[in-house]
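Asker: Starting off with a structure, shown below.
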Amino acid sequence: MSGPVNIFETGGAVEFAPCVHWIGAMDPSLRTFDIILKTANGTSYNSYLIRGSEGVAIVDTVKENFADEFFRRLESVASYDEIRVIVLNHLEPDHSGALPQLMERAPQARLYISQRATAMLKGLLKPQGEAFEYTTVGTDDRVSLGDRTLRFLHTPFLHWPDTQCTYLEEEQVLFSGDVFGCHFCDSRLFNDKVGDFRFSFDYYYAHIMRPFKQHVLDALELIEPLPLRIIAPTHGPILRDRPERYVRHYRELSTSSLSGEIGNNEKSLMIFYMSSYGNTARMAEAIYAGADEVDGVRVSLFDLEGGEVDPFVDLIEGADGLVFGSPTINGDAVKPVWDLLSSLVVVNLRGKLGAAFGSYGWSGEAPGMIEDRMRGLKMRVPLSGIRLKLIPSDEELVECRDYGRAIASTLVGKTIRKQVLDLADLAG
Amino acid sequence: MPKAKITFQDIHQAVHVPVGTRVIEVSEKVGSGIIYGCRECDCGTCVMHVEEGWNNLSEPSVLEEKVLRENMAGRHDRLACQAQIIGDVTVKPA
């Protein structure tokens with residue numbers, strides 16, 4: 001392998017495979033990315049240039065305020081009239097920021113994006129986006145540069161709907177977009193030369209890719225069969241030393257860690273609650289007892305006062321149904337419930353069953369607010385929540401037990417065929 | 001007022017609705033698994049599959065067709081925030 005490269009010293013493009021150059025930009029001073037990610041040493045915006053016998057391709061650009069650096073590196077290895085192909089694997093502004101200028105400088109170039117990217121192109125690059133011509137591509141579509149061939153892989157929702165990967169067949173280089181990327185800025189550029197970026201790699205996956213695990217697994221079905229010499233993502237080190245390790249690691253990260261804990265035919269139902277005077281707690285216990293009566297459901301009960309958010313997030317990711325209990329205080333659910341619900345953005349809750357309950361003093365808004373939040377998180381909420389005033393009576397605890405049984409039955413599909421309802425009778 | 005029946009196959013629940021009611025006005029009230037995002041024909045989150053009664057939904061608008069196409073929807077898929085019920089139909093989350 002070639003010797004160390006100090007990007008800051010050279011300022012130039014870096015060739016890492018025959019006729020393949022890195023022409024991106026380094027952002028060492030960045031400390032927060034996209035509001036939610038910390039970046040302890042900054043990040044890089046990786047862009048690539050491929051030269052074939054019949055023209056040049058550019059794969060992804062950079063964030064707009066780093067465009068000068070990008071164009072300087074591009075101009076050091078190619079002239080604009082040689083560019084025939086521009087590929088955007090991802091239209092997020094940190095990769096598409098220099099695209100308008102690039103297309104002005106290389107008007108003869110054709111833009112290749114995914115089908116889902118078309119809607120985003122116009123929105124992201126208005127008003128210029130209206131005028132851009134493009135070709136949409138999918139898996140196994142190819143574009144030729146003569147002696148170099150780019151093959152496209154449709155890998156959506158990693159982490160936007162528009163994402164795709166591009167594979168340079170002759171050099172076995174995968175331009176993976178944000179997949180296998182991380183926010184780690186090191187001028188030595190390559191994974192066998194840079195500092196220890198393991199934390200950054202896993203941190204990036206946990207915050208960016210984790211909500212899309214199934215899409216990661218779908219993408220790995222396309223990526224794993226590829227002969228891979230190098231993975232070239234849009235952030236962080238270029239993975240030229242044993243890139244298959246990172247593919248394996250993505251599969252490990254995307255495989256449920258709890259899959260061995262419950263039976264194949266069992267559904268997991270988790271009940272979380274907070275309680276001021278023990279009333280919501282008694283409801284929780286009754287719901288728990290009722291749910292436990294249903295075969296095929298493994299029920300768990302947790303008092304949020306005794307736990308921390310992160311481990312619960314891991315449990316919730318693998319659960320099939322979630323029930324939250326909260327008292328109503330000042331017209332709101334209590335903060336620990338919101339803390340947990342607001343931490344679930346990193347996992348995929350789509351289609352999970354949700355329900356809510358709680359005791360209240362005089363207004364009782366909490367269960368309804370929790371249900372609204374659950375629907376906002378793309379969960380289904382088939383049963384209206386239970387609200388009880390102050391201390392639950394014995395009859396009300398029976399009602400809670402019935403509710404738990406109903407939730408669990410719905411979870412395993414043991415629903416009795418219901419009579420036909422009328423919309424006019426349903427709550428507004 | 002003429003009525004139609006929509007059946008949500010995922011939860012085995014049928015509902016009588018006034019003709020012209022959009023699916024979005026019904027599905028969450030009965031707890032179907034159809035989920036929503038923008039709720040205004042832009043994001044494609046609420047794609048649903050029409051199992052029976054394809055012709056008993058209103059015709060999709062040009063905008064809905066565009067969103068379905070951009071989201072690579074199937075041949076019998078519609079947006080639940082847009083489709084109006086005009087006859088008996090059975091749907092489920094896509």
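Residue numbers start at 1 in each chain; chains themselves are named A, B, ... in the order of the structure tokens; ligands are numbered from 1 in the order shown.
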Chain B residues within 7 Å of chain A, counting only C-alpha atoms: which ones, as a PyMOL selection string?
Answerer: chain B and resi 12-17+29-33+35-36+70-71
Asker: Might you pull out every residue within 6 Å of stretch 42-52 of chain B, with only C-alpha atoms counted and same-chain residues fewer than 6 positions away left off, and present them as a ChimeraX atom specification?
Answerer: /B:35-36,76-80,89-94
Asker: Among the residues of stretch 198-425 of chain A, find those DSSP assigns to strand (DSSP E) from the backbone and print them as a PyMOL selection string.
Answerer: chain A and resi 230-233+267-273+297-303+321-325+353-360+386-389+421-422
Asker: Quick one, how far is atom CA of A:Asp192 from atom CA of A:Phe157?
Answerer: 28.9 Å
Asker: So, with only C-alpha atoms as the atoms that count, which of B:Ile86, B:Leu63, B:Leu57, B:Cys81 lies closest to B:Ile34?
Answerer: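 Among the listed residues, the smallest separation from B:Ile34 belongs to B:Cys81.
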Asker: What's around stretch 151-155 of chain A at 7 Å? Count only C-alpha atoms, leave out sequence neighbours fewer than 6 positions away in its own chain, and write the answer as a PyMOL selection string.
Answerer: chain A and resi 137-143+163-169+219
Asker: State, in Å with one decimal place, the distance from atom CA of A:Val62 to atom CA of A:Gly177.
Answerer: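 Pair atom CA of A:Val62 / atom CA of A:Gly177 returns 11.9 Å.
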Asker: Rank B:Val62, B:Asp88, B:Arg39, B:Asn56 by their smallest atom-to-atom distance to B:Glu25, using only C-alpha atoms, and report the top residue only.
Answerer: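 Among B:Val62, B:Asp88, B:Arg39, B:Asn56, it is B:Arg39 that comes nearest to B:Glu25.
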